[in-house]
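Structure data (compact mmCIF, C-alpha atoms) from structure36.txt:
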# COMPACT_ATOMS: atom_id res chain seq x y z
CA THR B 7 -13.85 -19.58 -1.32
CA TYR B 8 -10.70 -19.79 -3.40
CA PHE B 9 -8.39 -16.82 -2.87
CA THR B 10 -6.94 -15.80 -6.22
CA ASP B 11 -3.91 -13.52 -6.40
CA SER B 12 -6.21 -10.69 -7.52
CA MET B 13 -8.53 -11.22 -4.56
CA ILE B 14 -5.58 -11.10 -2.17
CA GLN B 15 -4.48 -7.85 -3.82
CA ILE B 16 -7.94 -6.37 -3.22
CA PHE B 17 -7.75 -7.30 0.47
CA GLU B 18 -4.27 -5.81 0.83
CA ARG B 19 -5.24 -2.54 -0.81
CA LEU B 20 -8.46 -2.28 1.17
CA LEU B 21 -6.53 -2.80 4.39
CA ASP B 22 -3.99 -0.17 3.39
CA THR B 23 -6.88 2.26 2.97
CA PHE B 24 -8.44 1.42 6.34
CA GLU B 25 -5.12 1.49 8.19
CA LYS B 26 -3.56 4.57 6.61
CA GLY B 27 -6.19 6.36 4.57
CA GLY B 28 -4.93 5.34 1.17
CA LYS B 29 -5.30 6.32 -2.43
CA HIS B 30 -7.18 3.12 -3.24
CA ASN B 31 -10.74 4.01 -2.25
CA LEU B 32 -12.62 2.68 -5.25
CA PHE B 33 -12.39 -0.86 -6.58
CA LEU B 34 -14.24 -1.85 -9.74
CA ILE B 35 -14.44 -5.59 -10.38
CA TYR B 36 -15.15 -6.55 -13.98
CA SER B 37 -16.16 -9.92 -15.40
CA LEU B 38 -18.48 -11.61 -17.82
CA PHE B 39 -21.94 -12.45 -16.51
CA GLY B 40 -21.56 -15.37 -14.12
CA GLY B 41 -17.84 -14.69 -13.82
CA GLY B 42 -17.63 -14.72 -10.03
CA LYS B 43 -18.29 -11.09 -9.09
CA THR B 44 -20.79 -11.88 -6.35
CA HIS B 45 -18.47 -14.64 -5.12
CA THR B 46 -15.73 -12.02 -4.62
CA ILE B 47 -18.08 -9.61 -2.85
CA LEU B 48 -19.26 -12.36 -0.48
CA ALA B 49 -15.67 -13.41 0.25
CA ILE B 50 -14.81 -9.82 1.22
CA TYR B 51 -17.94 -9.51 3.37
CA HIS B 52 -17.37 -12.73 5.32
CA ALA B 53 -13.64 -12.14 5.77
CA PHE B 54 -14.25 -8.72 7.34
CA LYS B 55 -17.05 -10.13 9.51
CA ASP B 56 -15.11 -13.19 10.70
CA PRO B 57 -11.34 -12.90 10.04
CA ASP B 58 -10.59 -15.85 12.34
CA ALA B 59 -12.19 -18.14 9.74
CA LEU B 60 -9.20 -17.49 7.48
CA PHE B 61 -6.97 -19.38 9.94
CA ASP B 62 -9.07 -22.54 9.57
CA GLU B 63 -7.07 -25.45 8.17
CA GLU B 64 -9.87 -26.31 5.76
CA VAL B 65 -9.78 -22.78 4.36
CA LEU B 66 -6.00 -22.89 3.94
CA GLU B 67 -5.89 -26.41 2.53
CA GLY B 68 -4.41 -26.72 -0.95
CA TYR B 69 -2.59 -23.39 -1.07
CA PRO B 70 1.19 -23.11 -1.43
CA GLU B 71 2.91 -22.10 1.81
CA GLU B 72 3.64 -18.60 0.52
CA LYS B 73 -0.04 -17.94 -0.21
CA LYS B 74 -1.08 -19.46 3.13
CA GLU B 75 1.15 -16.94 4.89
CA LYS B 76 -0.34 -14.08 2.89
CA ILE B 77 -3.86 -15.14 3.86
CA LYS B 78 -2.85 -15.41 7.52
CA ARG B 79 -1.30 -11.92 7.43
CA ILE B 80 -4.50 -10.57 5.91
CA ALA B 81 -6.51 -12.24 8.70
CA GLU B 82 -4.30 -10.65 11.37
CA ARG B 83 -4.74 -7.22 9.79
CA LEU B 84 -8.50 -7.71 9.48
CA LYS B 85 -8.73 -8.41 13.21
CA ASN B 86 -7.19 -5.03 13.96
CA VAL B 87 -9.49 -2.83 11.89
CA ASN B 88 -12.99 -1.76 12.84
CA VAL B 89 -14.97 -1.35 9.64
CA LYS B 90 -18.68 -0.72 9.13
CA ILE B 91 -19.83 -2.79 6.16
CA VAL B 92 -22.79 -1.61 4.09
CA PRO B 93 -23.95 -4.14 1.46
CA ILE B 94 -25.80 -2.56 -1.45
CA TYR B 95 -27.41 -5.40 -3.38
CA GLY B 96 -29.25 -4.35 -6.52
CA LYS B 97 -31.63 -7.31 -6.35
CA GLY B 98 -32.52 -6.55 -2.74
CA HIS B 99 -34.64 -3.82 -1.17
CA LEU B 100 -32.84 -0.47 -1.32
CA GLY B 101 -35.85 1.81 -1.47
CA GLN B 102 -37.16 3.80 -4.43
CA PRO B 103 -39.82 6.50 -4.92
CA SER B 104 -42.61 4.02 -5.68
CA LYS B 105 -41.51 1.50 -3.01
CA PRO B 106 -39.96 3.30 -0.04
CA LEU B 107 -38.56 1.41 2.93
CA ASP B 108 -40.58 2.23 6.05
CA PHE B 109 -38.45 2.57 9.20
CA GLY B 110 -41.21 4.11 11.30
CA ALA B 111 -39.70 7.54 11.98
CA TYR B 112 -39.00 8.02 8.26
CA LYS B 113 -39.18 6.33 4.88
CA VAL B 114 -36.15 5.72 2.67
CA ARG B 115 -36.70 6.41 -1.03
CA THR B 116 -33.17 6.51 -2.46
CA VAL B 117 -29.88 4.63 -2.33
CA TRP B 118 -28.29 7.60 -0.52
CA GLY B 119 -31.09 7.49 2.02
CA TYR B 120 -30.39 3.78 2.41
CA ILE B 121 -26.68 4.41 3.05
CA GLY B 122 -27.49 7.26 5.45
CA HIS B 123 -29.82 4.99 7.41
CA ALA B 124 -27.28 2.15 7.50
CA LEU B 125 -24.66 4.53 8.92
CA GLY B 126 -27.02 6.10 11.45
CA LYS B 127 -26.84 9.49 9.71
CA TYR B 128 -30.04 9.63 7.73
CA TYR B 129 -30.61 13.19 8.91
CA LEU B 130 -27.72 14.34 6.72
CA VAL B 131 -29.46 13.26 3.53
CA GLU B 132 -33.12 13.43 4.60
CA ASN B 133 -34.05 16.38 2.38
CA ASP B 134 -32.23 14.90 -0.62
CA ASP B 135 -33.90 11.56 0.01
CA ARG B 136 -37.36 13.11 0.08
CA ASN B 137 -36.70 15.13 -3.08
CA TYR B 138 -34.68 12.44 -4.94
CA THR B 139 -31.85 14.97 -5.34
CA VAL B 140 -28.18 13.96 -5.25
CA PRO B 141 -26.40 15.03 -2.03
CA ALA B 142 -23.44 17.36 -2.43
CA VAL B 143 -19.98 15.80 -2.21
CA PRO B 144 -19.23 17.45 1.20
CA THR B 145 -22.49 15.97 2.55
CA ILE B 146 -21.53 12.51 1.31
CA ARG B 147 -18.13 12.87 2.97
CA LYS B 148 -19.85 13.63 6.28
CA LEU B 149 -21.60 10.26 6.07
CA PHE B 150 -18.19 8.60 6.43
CA GLU B 151 -16.72 10.88 9.10
CA GLY B 152 -15.82 9.24 12.41
CA GLN B 153 -15.85 5.67 11.12
CA LYS B 154 -14.28 3.47 8.48
CA VAL B 155 -16.89 2.34 5.98
CA LEU B 156 -16.82 -0.34 3.30
CA LEU B 157 -19.57 -0.16 0.68
CA LEU B 158 -20.07 -3.46 -1.18
CA VAL B 159 -22.10 -2.77 -4.33
CA ASP B 160 -23.30 -5.77 -6.34
CA GLU B 161 -25.89 -6.34 -9.10
CA ILE B 162 -26.60 -2.62 -9.24
CA VAL B 163 -27.49 -2.92 -12.94
CA HIS B 164 -30.62 -4.81 -11.83
CA TYR B 165 -31.64 -1.81 -9.70
CA PHE B 166 -31.07 0.54 -12.66
CA ASP B 167 -33.12 -1.66 -14.97
CA ASN B 168 -36.06 -1.75 -12.58
CA LEU B 169 -36.03 2.02 -12.23
CA TYR B 170 -35.68 2.80 -15.94
CA ASN B 171 -38.42 0.33 -16.85
CA SER B 172 -40.77 1.32 -14.02
CA GLY B 173 -44.24 2.56 -14.80
CA ASN B 174 -43.72 5.23 -12.15
CA GLU B 175 -42.47 8.58 -13.47
CA ASP B 176 -40.65 9.42 -10.21
CA ASP B 177 -38.75 6.13 -10.42
CA ARG B 178 -37.60 6.89 -13.97
CA ARG B 179 -36.58 10.44 -13.05
CA TYR B 180 -34.73 9.21 -9.97
CA ALA B 181 -32.78 6.64 -12.04
CA GLY B 182 -30.70 9.37 -13.65
CA ASN B 183 -29.80 10.76 -10.24
CA VAL B 184 -28.64 7.34 -9.04
CA ALA B 185 -26.00 7.43 -11.77
CA LYS B 186 -24.97 10.92 -10.68
CA PHE B 187 -24.80 9.78 -7.06
CA PHE B 188 -22.28 7.05 -7.82
CA ASP B 189 -20.28 9.68 -9.68
CA ALA B 190 -20.35 11.90 -6.58
CA ILE B 191 -19.58 9.13 -4.11
CA GLY B 192 -16.51 8.14 -6.11
CA THR B 193 -15.24 11.70 -5.67
CA ALA B 194 -16.26 11.92 -2.01
CA LEU B 195 -14.30 8.80 -1.06
CA ILE B 196 -10.96 10.00 -2.42
CA GLY B 197 -8.46 10.61 0.38
CA THR B 198 -10.68 9.12 3.11
CA ASP B 199 -10.17 5.93 5.11
CA SER B 200 -13.37 4.43 3.64
CA ALA B 201 -13.81 2.49 0.41
CA MET B 202 -16.28 1.11 -2.11
CA VAL B 203 -16.08 -2.17 -4.02
CA MET B 204 -18.42 -2.31 -7.01
CA THR B 205 -19.00 -5.07 -9.54
CA LEU B 206 -19.44 -4.27 -13.23
CA SER B 207 -20.64 -6.83 -15.77
CA MET B 208 -19.27 -7.39 -19.25
CA GLU B 209 -20.96 -8.86 -22.28
CA LYS B 210 -19.35 -10.71 -25.17
CA LYS B 211 -20.71 -9.75 -28.57
CA GLY B 212 -19.17 -11.02 -31.77
CA GLY B 213 -16.20 -12.37 -29.84
CA VAL B 214 -15.51 -8.96 -28.29
CA GLU B 215 -15.92 -8.35 -24.57
CA GLN B 216 -17.87 -5.17 -23.87
CA VAL B 217 -18.10 -3.51 -20.48
CA CYS B 218 -21.62 -2.58 -19.38
CA LEU B 219 -20.88 0.83 -17.88
CA LEU B 220 -23.40 1.80 -15.21
CA TYR B 221 -22.26 5.40 -14.95
CA THR B 222 -19.64 7.76 -16.29
CA SER B 223 -17.50 8.13 -13.18
CA PRO B 224 -14.80 8.09 -12.03
CA SER B 225 -12.69 9.57 -14.76
CA PRO B 226 -10.22 7.37 -16.68
CA ARG B 227 -7.47 9.06 -14.66
CA ASP B 228 -9.06 7.89 -11.42
CA LEU B 229 -9.71 4.42 -12.80
CA SER B 230 -6.09 4.00 -13.81
CA THR B 231 -4.95 4.48 -10.22
CA ASN B 232 -7.82 2.95 -8.29
CA ARG B 233 -9.46 0.10 -10.18
CA MET B 234 -8.49 -3.51 -9.98
CA PRO B 235 -7.49 -5.30 -13.17
CA SER B 236 -10.25 -7.05 -15.09
CA SER B 237 -8.81 -10.38 -14.00
CA ALA B 238 -9.86 -9.63 -10.43
CA SER B 239 -13.01 -11.72 -10.65
CA LYS B 240 -12.64 -13.87 -13.74
CA LYS B 241 -11.35 -16.79 -11.73
CA LYS B 242 -13.94 -18.45 -9.53
Do you think you could lay out the structure here as structure tokens?
Amino acid sequence: TYFTDSMIQIFERLLDTFEKGGKHNLFLIYSLFGGGKTHTILAIYHAFKDPDALFDEEVLEGYPEEKKEKIKRIAERLKNVNVKIVPIYGKGHLGQPSKPLDFGAYKVRTVWGYIGHALGKYYLVENDDRNYTVPAVPTIRKLFEGQKVLLLVDEIVHYFDNLYNSGNEDDRRYAGNVAKFFDAIGTALIGTDSAMVMTLSMEKKGGVEQVCLLYTSPSPRDLSTNRMPSSASKKK
């Protein structure tokens, strides 16, 4: 993993949120297809799981001394925060109406049911999961109460595509509510000590880069204060 300046900035802002409850709760990483988005998500995941690895000489090799010190400070801060990481990988198994995840005591049919299960609070969203309805913002906030949570959302456009193109009517109806859920979760996270990092892909058509928007939230006002610059994942 090569730590770009933008990646270091993401780590610093995430840590500010987990340590103080910051205003940076939502991070949107833009790039062209194949531009390193998943690479950034994996770097965040592994750094939070094993911060001591950032002290390894092989990891630090080749960086200027100033950047080495920044990485070491990030590692020290990572060791002092207890964060529950929930990967949400659009090409993985998240559950959907036609293909629920069977956990024995219950089946997960939605992405909010998946998050509820991962956090040990499925009961909070059980009715919404069964009915494919979007949980209310206060309910989503309760999912994060009592713990610091980091949602890592990658390749979610693949999940949307599968739902919209499904031959199952419930899948297609649920797809619209997935978009509304990410709208609601962006609102629910504001002011908490939890955060979400989401990748968004861009296409280049006629020499013009176009963002593939997955949903209509948060508002431009929220994006201007919370999102990372588009350069955050353009460097591999």
Best match for closeness to B:Thr10 among B:Gly152, B:Pro144, B:Pro70, B:Gly98, counting only C-alpha atoms: B:Pro70
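Atom CA of B:His164 is positioned 23.8 Å from atom CA of B:Leu195.
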Selection near stretch 110-119 of chain B, 7 Å with all atoms listed in the file, sequence-local residues under 3 positions removed, as a VMD selection string: chain B and resid 100 to 103 106 to 107 122 to 123 128 131 to 132 135 to 136 138
Within 12 Å of stretch 64-68 of chain B, which residues of stretch 76-146 of chain B show up? Give each one with its shortest atom-to-atom distance in Å (one decimal) and the two atoms involved, counting only C-alpha atoms, rows by chain then rising residue number, as CSV.
residue,atom,partner,partner_atom,distance
B:Lys76,CA,B:Leu66,CA,10.5
B:Ile77,CA,B:Leu66,CA,8.0
B:Lys78,CA,B:Leu66,CA,8.9
B:Ala81,CA,B:Leu66,CA,11.7
Would you save the residues from that selection as an mmCIF file, keeping the file's coordinate frame, using C-alpha atoms?
data_model
loop_
_atom_site.group_PDB
_atom_site.id
_atom_site.type_symbol
_atom_site.label_atom_id
_atom_site.label_comp_id
_atom_site.auth_asym_id
_atom_site.auth_seq_id
_atom_site.Cartn_x
_atom_site.Cartn_y
_atom_site.Cartn_z
ATOM 1 C CA LYS B 76 -0.340 -14.080 2.890
ATOM 2 C CA ILE B 77 -3.860 -15.140 3.860
ATOM 3 C CA LYS B 78 -2.850 -15.410 7.520
ATOM 4 C CA ALA B 81 -6.510 -12.240 8.700
#
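In this model, the gap between atom CA of B:Thr23 and atom CA of B:Gly96 comes to 25.2 Å.
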Between atom CA of B:Ile47 and atom CA of B:Ala124, distance in Å (one decimal): 18.2 Å
Residue with smallest distance to B:Leu125 - pool B:Asp108, B:Val143, B:Asp189, B:Phe150, counting only C-alpha atoms: B:Phe150
Ref. answer, residues at most 7 Å from (-28.2, 16.2, -8.2) with only C-alpha atoms, as an MDAnalysis selection string: chainID B and resid 139:141 183 186
What would the file look like if the residues just selected were written as a PDB file, keeping the file's coordinate frame with C-alpha atoms?
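Written out: out00.pdb:
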ATOM      1  CA  THR B 139     -31.850  14.970  -5.340  1.00  0.00           C
ATOM      2  CA  VAL B 140     -28.180  13.960  -5.250  1.00  0.00           C
ATOM      3  CA  PRO B 141     -26.400  15.030  -2.030  1.00  0.00           C
ATOM      4  CA  ASN B 183     -29.800  10.760 -10.240  1.00  0.00           C
ATOM      5  CA  LYS B 186     -24.970  10.920 -10.680  1.00  0.00           C
TER       6      LYS B 186
END
Protein, DNA and RNA residues within 10 Å of (-19.5, 2.8, -1.9), all atoms listed in the file, as a count of residues only: 23
Which residue of B:Lys127, B:Lys105, B:Arg19, B:Arg83 approaches B:Asp199 most closely, using only C-alpha atoms: B:Arg19
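Among the candidate residues B:Asp160, B:Asp167, B:Glu63, B:Asp177, the one lying nearest to B:Leu206 is B:Asp160, with distances computed using all atoms listed in the file.
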Proximity to B:Phe9 - best of B:Phe187, B:Glu82, B:Lys74, B:Gly27, all atoms listed in the file: B:Lys74
Nearest candidate to B:Val163 (options B:Thr205, B:Thr145, B:Asn86, B:Thr193; using all atoms listed in the file):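 When distances to B:Val163 are compared using all atoms listed in the file, the smallest one comes from B:Thr205.
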